[in-house]
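Student: Next up, upload.txt (compact mmCIF, C-alpha atoms and all ligand atoms).
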# COMPACT_ATOMS: atom_id res chain seq x y z
CA MET A 1 8.54 2.25 6.64
CA ASN A 2 9.38 3.99 3.37
CA GLN A 3 12.74 5.63 3.01
CA PRO A 4 12.26 9.34 3.81
CA MET A 5 12.15 11.56 0.76
CA PRO A 6 15.11 13.94 0.55
CA VAL A 7 14.19 17.39 1.83
CA THR A 8 16.05 20.09 -0.05
CA ASP A 9 16.91 23.35 1.68
CA THR A 10 18.11 26.09 -0.67
CA PRO A 11 19.77 28.71 1.57
CA ASN A 12 18.69 32.36 1.14
CA THR A 13 16.06 31.57 -1.47
CA SER A 14 13.13 30.87 0.83
CA ALA A 15 9.76 31.79 -0.69
CA ALA A 16 6.48 32.36 1.12
CA ALA A 17 3.92 29.61 0.56
CA ASP A 18 1.51 30.60 -2.22
CA PRO A 19 -2.01 30.30 -0.72
CA GLN A 20 -3.37 29.81 -4.27
CA ALA A 21 -1.20 26.75 -4.79
CA PRO A 22 -2.95 23.40 -4.28
CA VAL A 23 -2.85 21.19 -1.25
CA VAL A 24 -0.58 18.34 -2.33
CA ILE A 25 -1.12 14.84 -0.95
CA VAL A 26 1.66 12.30 -1.57
CA GLY A 27 0.22 8.79 -1.40
CA ASN A 28 -3.22 7.63 -2.51
CA GLY A 29 -3.68 4.73 -0.10
CA PRO A 30 -6.43 4.73 2.53
CA ALA A 31 -4.74 7.49 4.56
CA GLY A 32 -4.14 9.81 1.58
CA MET A 33 -7.68 9.32 0.26
CA ALA A 34 -9.18 9.84 3.73
CA ALA A 35 -7.21 13.08 4.01
CA ALA A 36 -8.55 14.21 0.61
CA ARG A 37 -12.12 13.39 1.66
CA ALA A 38 -11.79 15.26 4.95
CA LEU A 39 -10.30 18.27 3.18
CA LEU A 40 -13.04 18.39 0.51
CA ALA A 41 -15.72 18.07 3.21
CA ARG A 42 -14.35 21.19 4.93
CA ARG A 43 -13.33 23.13 1.80
CA PRO A 44 -15.55 22.03 -1.12
CA ALA A 45 -13.76 24.45 -3.48
CA ALA A 46 -10.29 23.19 -2.60
CA HIS A 47 -7.58 22.59 -5.20
CA VAL A 48 -5.94 19.26 -4.42
CA VAL A 49 -3.22 17.32 -6.22
CA ILE A 50 -2.84 13.67 -5.18
CA TYR A 51 0.24 11.65 -6.16
CA GLY A 52 0.20 7.85 -6.28
CA ALA A 53 3.35 5.90 -7.14
CA GLU A 54 1.32 2.92 -8.38
CA PRO A 55 -0.12 3.15 -11.91
CA HIS A 56 -3.57 2.02 -10.72
CA ARG A 57 -6.62 3.91 -9.54
CA PRO A 58 -6.71 4.08 -5.73
CA TYR A 59 -7.86 0.82 -4.20
CA ASN A 60 -8.56 -0.63 -0.79
CA ARG A 61 -5.33 -2.46 0.05
CA VAL A 62 -6.92 -4.14 3.06
CA ARG A 63 -9.05 -6.23 0.69
CA LEU A 64 -6.20 -7.46 -1.54
CA SER A 65 -6.40 -10.88 0.11
CA SER A 66 -10.05 -11.17 -0.96
CA VAL A 67 -9.00 -10.57 -4.58
CA LEU A 68 -6.19 -13.09 -4.30
CA ALA A 69 -8.67 -15.62 -2.91
CA GLY A 70 -11.01 -14.89 -5.83
CA ASP A 71 -13.83 -13.65 -3.57
CA VAL A 72 -13.88 -10.08 -4.98
CA ALA A 73 -13.11 -8.63 -8.43
CA TRP A 74 -10.67 -5.75 -8.84
CA ASP A 75 -13.47 -3.28 -9.46
CA GLY A 76 -14.81 -4.05 -5.98
CA LEU A 77 -11.68 -2.55 -4.47
CA THR A 78 -11.71 0.81 -6.23
CA ASP A 79 -11.59 3.72 -3.79
CA HIS A 80 -13.82 6.32 -5.46
CA LEU A 81 -13.40 9.96 -4.50
CA ILE A 82 -16.57 12.05 -4.78
CA VAL A 83 -15.43 15.50 -5.88
CA PRO A 84 -17.66 18.56 -5.23
CA SER A 85 -18.39 20.50 -8.44
CA GLU A 86 -16.43 23.59 -7.27
CA ALA A 87 -13.34 21.58 -6.35
CA ARG A 88 -10.28 20.95 -8.51
CA VAL A 89 -8.79 17.56 -7.87
CA GLU A 90 -5.95 16.13 -9.94
CA GLN A 91 -4.95 12.53 -9.34
CA ARG A 92 -1.49 11.81 -10.73
CA LEU A 93 -1.31 8.03 -11.02
CA GLY A 94 2.08 6.43 -11.58
CA TYR A 95 3.90 9.53 -10.33
CA SER A 96 6.36 9.00 -7.50
CA VAL A 97 7.43 12.06 -5.53
CA VAL A 98 11.18 11.88 -4.99
CA ALA A 99 12.01 15.14 -3.22
CA VAL A 100 10.47 17.92 -1.16
CA ASP A 101 11.88 21.44 -1.39
CA HIS A 102 10.27 23.00 1.63
CA GLN A 103 11.98 26.38 1.19
CA GLN A 104 10.32 26.70 -2.22
CA HIS A 105 7.15 24.85 -1.15
CA ARG A 106 7.30 22.36 -3.97
CA VAL A 107 7.64 18.65 -4.59
CA ILE A 108 9.58 17.02 -7.42
CA ASP A 109 8.39 13.81 -9.07
CA ALA A 110 10.47 11.03 -10.61
CA ALA A 111 10.09 12.58 -14.09
CA GLY A 112 11.60 15.84 -12.78
CA ASN A 113 8.33 17.80 -12.74
CA SER A 114 7.95 20.40 -10.03
CA GLN A 115 4.66 21.11 -8.24
CA ARG A 116 4.07 24.03 -5.84
CA TYR A 117 1.97 23.44 -2.74
CA SER A 118 0.27 25.59 -0.14
CA LYS A 119 0.12 22.64 2.26
CA LEU A 120 1.77 19.24 1.91
CA ILE A 121 0.45 15.95 3.31
CA LEU A 122 2.72 12.90 3.24
CA ALA A 123 0.68 9.67 3.40
CA THR A 124 3.21 7.30 1.89
CA GLY A 125 2.39 4.15 3.89
CA SER A 126 4.93 1.41 4.38
CA HIS A 127 6.93 -1.29 2.59
CA PRO A 128 6.92 -5.01 3.38
CA HIS A 129 9.79 -6.17 5.58
CA VAL A 130 11.88 -8.54 3.46
CA PRO A 131 14.37 -10.56 5.54
CA GLY A 132 17.96 -10.41 4.27
CA ILE A 133 18.26 -14.17 3.73
CA SER A 134 20.13 -15.91 0.96
CA GLY A 135 18.08 -16.45 -2.23
CA ILE A 136 15.43 -13.88 -1.34
CA ASP A 137 15.97 -12.12 -4.68
CA LEU A 138 15.55 -15.24 -6.84
CA PRO A 139 12.75 -15.47 -9.41
CA GLY A 140 9.67 -17.04 -7.86
CA VAL A 141 10.00 -15.10 -4.59
CA TYR A 142 7.26 -12.51 -4.11
CA THR A 143 6.09 -9.95 -1.59
CA PHE A 144 2.39 -9.38 -0.91
CA ARG A 145 1.78 -5.70 -0.52
CA ASN A 146 0.18 -4.14 -3.60
CA ARG A 147 -1.94 -4.82 -6.66
CA ASP A 148 1.05 -5.79 -8.83
CA ASP A 149 2.12 -8.33 -6.19
CA ALA A 150 -1.39 -9.82 -6.03
CA GLU A 151 -1.57 -10.09 -9.83
CA ALA A 152 1.85 -11.74 -9.99
CA LEU A 153 0.87 -14.21 -7.26
CA ALA A 154 -2.45 -15.05 -8.92
CA ALA A 155 -0.61 -15.73 -12.20
CA ARG A 156 1.99 -17.85 -10.42
CA ARG A 157 -0.64 -19.86 -8.56
CA VAL A 158 -1.90 -21.31 -11.83
CA ARG A 159 1.37 -23.22 -12.41
CA SER A 160 2.59 -23.57 -8.81
CA HIS A 161 2.46 -27.05 -7.23
CA HIS A 162 3.73 -25.93 -3.84
CA THR A 163 3.79 -22.43 -2.36
CA VAL A 164 5.76 -21.62 0.81
CA VAL A 165 4.64 -18.56 2.76
CA LEU A 166 7.21 -16.95 5.08
CA GLY A 167 5.37 -15.45 8.03
CA GLY A 168 2.48 -16.88 10.00
CA GLY A 169 0.89 -13.56 10.91
CA LEU A 170 -2.45 -12.32 9.66
CA LEU A 171 -1.17 -11.35 6.20
CA GLY A 172 0.79 -14.58 5.75
CA LEU A 173 -2.26 -16.67 6.60
CA GLU A 174 -4.50 -14.64 4.28
CA ALA A 175 -1.91 -15.10 1.50
CA ALA A 176 -1.70 -18.84 2.26
CA ARG A 177 -5.47 -19.25 1.92
CA GLY A 178 -5.47 -17.20 -1.29
CA MET A 179 -2.68 -19.29 -2.83
CA GLN A 180 -4.57 -22.53 -2.14
CA ARG A 181 -6.95 -22.02 -5.05
CA ASN A 182 -6.43 -24.43 -7.96
CA GLY A 183 -5.35 -27.11 -5.46
CA THR A 184 -1.85 -25.73 -4.88
CA ARG A 185 -0.14 -27.21 -1.81
CA VAL A 186 0.69 -24.47 0.72
CA THR A 187 3.12 -24.51 3.66
CA VAL A 188 3.45 -21.65 6.16
CA VAL A 189 6.83 -21.15 7.89
CA GLU A 190 6.85 -19.07 11.09
CA HIS A 191 9.96 -18.38 13.18
CA ALA A 192 8.05 -17.65 16.41
CA ASP A 193 6.74 -20.59 18.45
CA ARG A 194 3.19 -20.10 17.17
CA LEU A 195 1.02 -18.61 14.47
CA MET A 196 -0.22 -15.01 14.89
CA SER A 197 2.10 -14.62 17.86
CA SER A 198 1.26 -10.92 18.28
CA GLN A 199 -2.44 -11.65 18.69
CA LEU A 200 -2.85 -15.17 20.08
CA ASP A 201 -1.68 -17.14 23.12
CA LEU A 202 -0.43 -20.70 22.70
CA GLY A 203 -3.82 -22.38 23.15
CA ALA A 204 -5.62 -20.15 20.64
CA SER A 205 -2.75 -20.46 18.20
CA GLN A 206 -2.87 -24.28 18.40
CA THR A 207 -6.61 -24.18 17.67
CA LEU A 208 -5.89 -21.99 14.65
CA ALA A 209 -3.09 -24.31 13.47
CA SER A 210 -5.46 -27.32 13.69
CA HIS A 211 -8.08 -25.46 11.68
CA LEU A 212 -5.50 -24.57 9.01
CA ALA A 213 -4.31 -28.18 8.93
CA GLU A 214 -7.91 -29.27 8.28
CA LEU A 215 -7.93 -26.84 5.36
CA GLY A 216 -4.77 -28.55 4.07
CA ILE A 217 -2.28 -25.78 5.00
C1 LIG B 301 -3.13 -7.60 1.93
C2 LIG B 301 -3.13 -6.62 3.06
C3 LIG B 301 -4.14 -6.64 4.01
C4 LIG B 301 -4.16 -5.72 5.05
N1 LIG B 301 -5.19 -5.78 5.94
C5 LIG B 301 -5.26 -4.82 6.91
C6 LIG B 301 -6.36 -4.80 7.81
O1 LIG B 301 -7.25 -5.65 7.76
N2 LIG B 301 -6.40 -3.81 8.75
C7 LIG B 301 -5.43 -2.84 8.82
O2 LIG B 301 -5.54 -1.95 9.66
N3 LIG B 301 -4.37 -2.86 7.99
C8 LIG B 301 -4.25 -3.81 7.05
N4 LIG B 301 -3.19 -3.83 6.21
C9 LIG B 301 -2.16 -2.83 6.38
C10 LIG B 301 -2.52 -1.75 5.38
O3 LIG B 301 -1.48 -1.67 4.46
C11 LIG B 301 -2.73 -0.42 6.05
O4 LIG B 301 -3.66 -0.44 7.11
C12 LIG B 301 -3.19 0.63 5.03
O5 LIG B 301 -2.95 0.27 3.67
C13 LIG B 301 -2.38 1.85 5.34
O6 LIG B 301 -2.80 2.87 4.50
P1 LIG B 301 -1.83 4.05 4.10
O7 LIG B 301 -2.62 4.96 3.21
O8 LIG B 301 -1.21 4.65 5.32
O9 LIG B 301 -0.63 3.37 3.31
P2 LIG B 301 -0.61 2.52 1.96
O10 LIG B 301 -1.82 1.70 1.79
O11 LIG B 301 0.72 1.84 1.96
O12 LIG B 301 -0.64 3.64 0.82
C14 LIG B 301 0.44 4.50 0.58
C15 LIG B 301 0.44 4.80 -0.90
O13 LIG B 301 1.39 5.82 -1.12
C16 LIG B 301 2.10 5.53 -2.30
N5 LIG B 301 3.42 6.17 -2.21
C17 LIG B 301 4.43 5.82 -1.38
N6 LIG B 301 5.48 6.63 -1.58
C18 LIG B 301 5.12 7.50 -2.56
C19 LIG B 301 5.79 8.56 -3.23
N7 LIG B 301 7.03 8.92 -2.89
N8 LIG B 301 5.14 9.23 -4.21
C20 LIG B 301 3.86 8.89 -4.54
N9 LIG B 301 3.17 7.88 -3.95
C21 LIG B 301 3.79 7.20 -2.97
C22 LIG B 301 2.20 4.02 -2.33
O14 LIG B 301 2.42 3.54 -3.64
C23 LIG B 301 0.85 3.61 -1.76
O15 LIG B 301 -0.08 3.39 -2.78
C24 LIG B 301 -3.13 -4.74 5.16
C25 LIG B 301 -2.09 -4.74 4.21
C26 LIG B 301 -2.09 -5.65 3.18
C27 LIG B 301 -0.96 -5.62 2.18
Starting from the file, give its structure as C-alpha cells.

Tutor:
Amino acid sequence: MNQPMPVTDTPNTSAAADPQAPVVIVGNGPAGMAAARALLARRPAAHVVIYGAEPHRPYNRVRLSSVLAGDVAWDGLTDHLIVPSEARVEQRLGYSVVAVDHQQHRVIDAAGNSQRYSKLILATGSHPHVPGISGIDLPGVYTFRNRDDAEALAARRVRSHHTVVLGGGLLGLEAARGMQRNGTRVTVVEHADRLMSSQLDLGASQTLASHLAELGI
C-alpha cells in the first residue's frame, strides 16, 4: 500500500467545510475515475478536482500487459471521463498530493499549492512490493506497475537478450509473455513451490508450467 499522507491538525483553527468547495479526488486510477463517474451521475452540476501523480491521462492499468505485449496501443487504454455540460471537472495530471489538512479542509500538493474541498476521496491505489534483496536498485532492474514502467520495459526489451522475471503470479507471467517479443529469452523465478500459487493447485500449476515451457519461458 502507499505510505499514508500526513494529516495535519492545526489546533484551535478548525474551519467548517465550505459546501461550495469542490469534491477532491486524490488518485485517477480505476477507483478514482469510477468515483468521479458515480458522483457526476448523481450530481451532474458537481465541481470536482481530480489529482493524478502520474503525468499521463488516466488509463486502464489492468491492460498494461496488453500494451507491453504489443496487442493494444496506448490510446486504447485511455480512461475517458464524460463530463456533463453543467459540471466543472479539473484533472490535475502530474500533481501529487502530499498532505491533508482536515481541520482546514484542504489538500496540499507537491508544488505547495493548497486546494479546499467540501468532500475528500482518497483513491491512491498501491505500490509494487519490491523485496529488499541485494542489487535490487541496480540499473536494469524494473518494476511493472505503471505506464512509465511499461515504456521502460518495452525500450529495454529491444536490446535485452535474457530477461528474468521475479514472481510467478499473474502479473509476473503477463510481464514474462510481454517481454518475449523480439525473441528475448525469458526466465521466471518463483519462491513458492509452484506458479500462481494463490490461484492454482499443484496439478493445475504443472499444466501451466508445461504450457509456458512450450512457449519458451
Ligand atoms: C499490469 C497490471 C495488471 C493488472 N491486472 C489486474 C486485473 O486483471 N484485475 C484486477 O482486479 N487488478 C489488476 N491489477 C491490479 C490493479 O492495479 C488494480 O485492480 C487497479 O489498478 C486498482 O485501481 P486503483 O484506482 O485502486 O489504484 P491504482 O490503479 O493504483 O491508481 C491509483 C492512482 O493514484 C495515483 N496516486 C497515488 N498517490 C497519489 C497522490 N498522493 N497524489 C495524487 N495521485 C496519487 C497513482 O499515481 C495512481 O495513478 C493489475 C495491475 C497491474 C500493474

Student: For ligand LIG 301 (chain B), which of A:Val189, A:Ala45, A:Val67, A:Ile82 is the closest residue, counting all atoms listed in the file?

Tutor: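 The answer is A:Val67, which sits nearest to ligand LIG 301 (chain B).
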
Student: Could you list the protein, DNA and RNA residues that have any atom within 9 Å of ligand LIG 301 (chain B), counting all atoms listed in the file, and write them as number ranges by chain?

Tutor: A: 2-5, 25-34, 50-56, 58-66, 68, 92-99, 109-110, 122-128, 144-147, 150, 170-172, 174-175

Student: So the first atom is CA of Ser160 in chain A and the second is CA of Thr184 in chain A; what is the distance between them in Å, to one decimal place?

Tutor: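 Interatomic distance here is 6.3 Å.
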
Student: What lies within 12 Å of Lys119 in chain A using all atoms listed in the file, ignoring chain neighbours under 3 positions off, as a PyMOL selection string?

Tutor: chain A and resi 16-26+39+46-49+100+102+104-107+115-116+122

Student: What does the distance between CA of Arg88 in chain A and CA of Pro44 in chain A come to in Å, to one decimal place?

Tutor: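 Those two atoms sit 9.1 Å apart.
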
Student: Calculate how many Å separate CA of Ser134 in chain A from CA of His162 in chain A, rounding to one decimal.

Tutor: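 Going from CA of Ser134 in chain A over to CA of His162 in chain A, I get 19.8 Å.
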
Student: From the list A:Pro84, A:Gly135, A:Gly167, A:Pro6, which residue is nearest Thr187 in chain A when using all atoms listed in the file?

Tutor: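 Looking only at the distances to Thr187 in chain A, the closest residue turns out to be A:Gly167.
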
Student: Give the answer as one residue: which of A:Ser197, A:Asp148, A:Val130, A:Ala204 has the shortest atom-to-atom distance to Leu166 in chain A, using all atoms listed in the file?

Tutor: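 Among A:Ser197, A:Asp148, A:Val130, A:Ala204, it is A:Val130 that comes nearest to Leu166 in chain A.
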
Student: Just checking: using all atoms listed in the file, which residue out of A:Ala69, A:Ala15, A:Val89, A:Val141 ends up closest to Arg177 in chain A?

Tutor: A:Ala69

Student: Applying 12 Å and all atoms listed in the file, which residues near Gly216 in chain A remain after dropping the ones on its own chain fewer than 3 positions away? List them as a VMD selection string.

Tutor: chain A and resid 162 176 to 177 179 to 181 183 to 188 209 to 213

Student: I need the chosen residues saved as a compact mmCIF listing (two decimals), in the coordinates of the input, with C-alpha atoms.

Tutor:
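The resulting file, result.txt, is shown below:
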# COMPACT_ATOMS: atom_id res chain seq x y z
CA HIS A 162 3.73 -25.93 -3.84
CA ALA A 176 -1.70 -18.84 2.26
CA ARG A 177 -5.47 -19.25 1.92
CA MET A 179 -2.68 -19.29 -2.83
CA GLN A 180 -4.57 -22.53 -2.14
CA ARG A 181 -6.95 -22.02 -5.05
CA GLY A 183 -5.35 -27.11 -5.46
CA THR A 184 -1.85 -25.73 -4.88
CA ARG A 185 -0.14 -27.21 -1.81
CA VAL A 186 0.69 -24.47 0.72
CA THR A 187 3.12 -24.51 3.66
CA VAL A 188 3.45 -21.65 6.16
CA ALA A 209 -3.09 -24.31 13.47
CA SER A 210 -5.46 -27.32 13.69
CA HIS A 211 -8.08 -25.46 11.68
CA LEU A 212 -5.50 -24.57 9.01
CA ALA A 213 -4.31 -28.18 8.93

Student: Padding 6 Å on each side, edges along x, y and z: where is the centre of the box around the listed atoms of range 187-195 of chain A, and how long are its edges in Å to one decimal? Output it as AutoDock Vina command-line options.

Tutor:
--center_x 5.5 --center_y -21.1 --center_z 11.1 --size_x 20.9 --size_y 18.9 --size_z 26.8
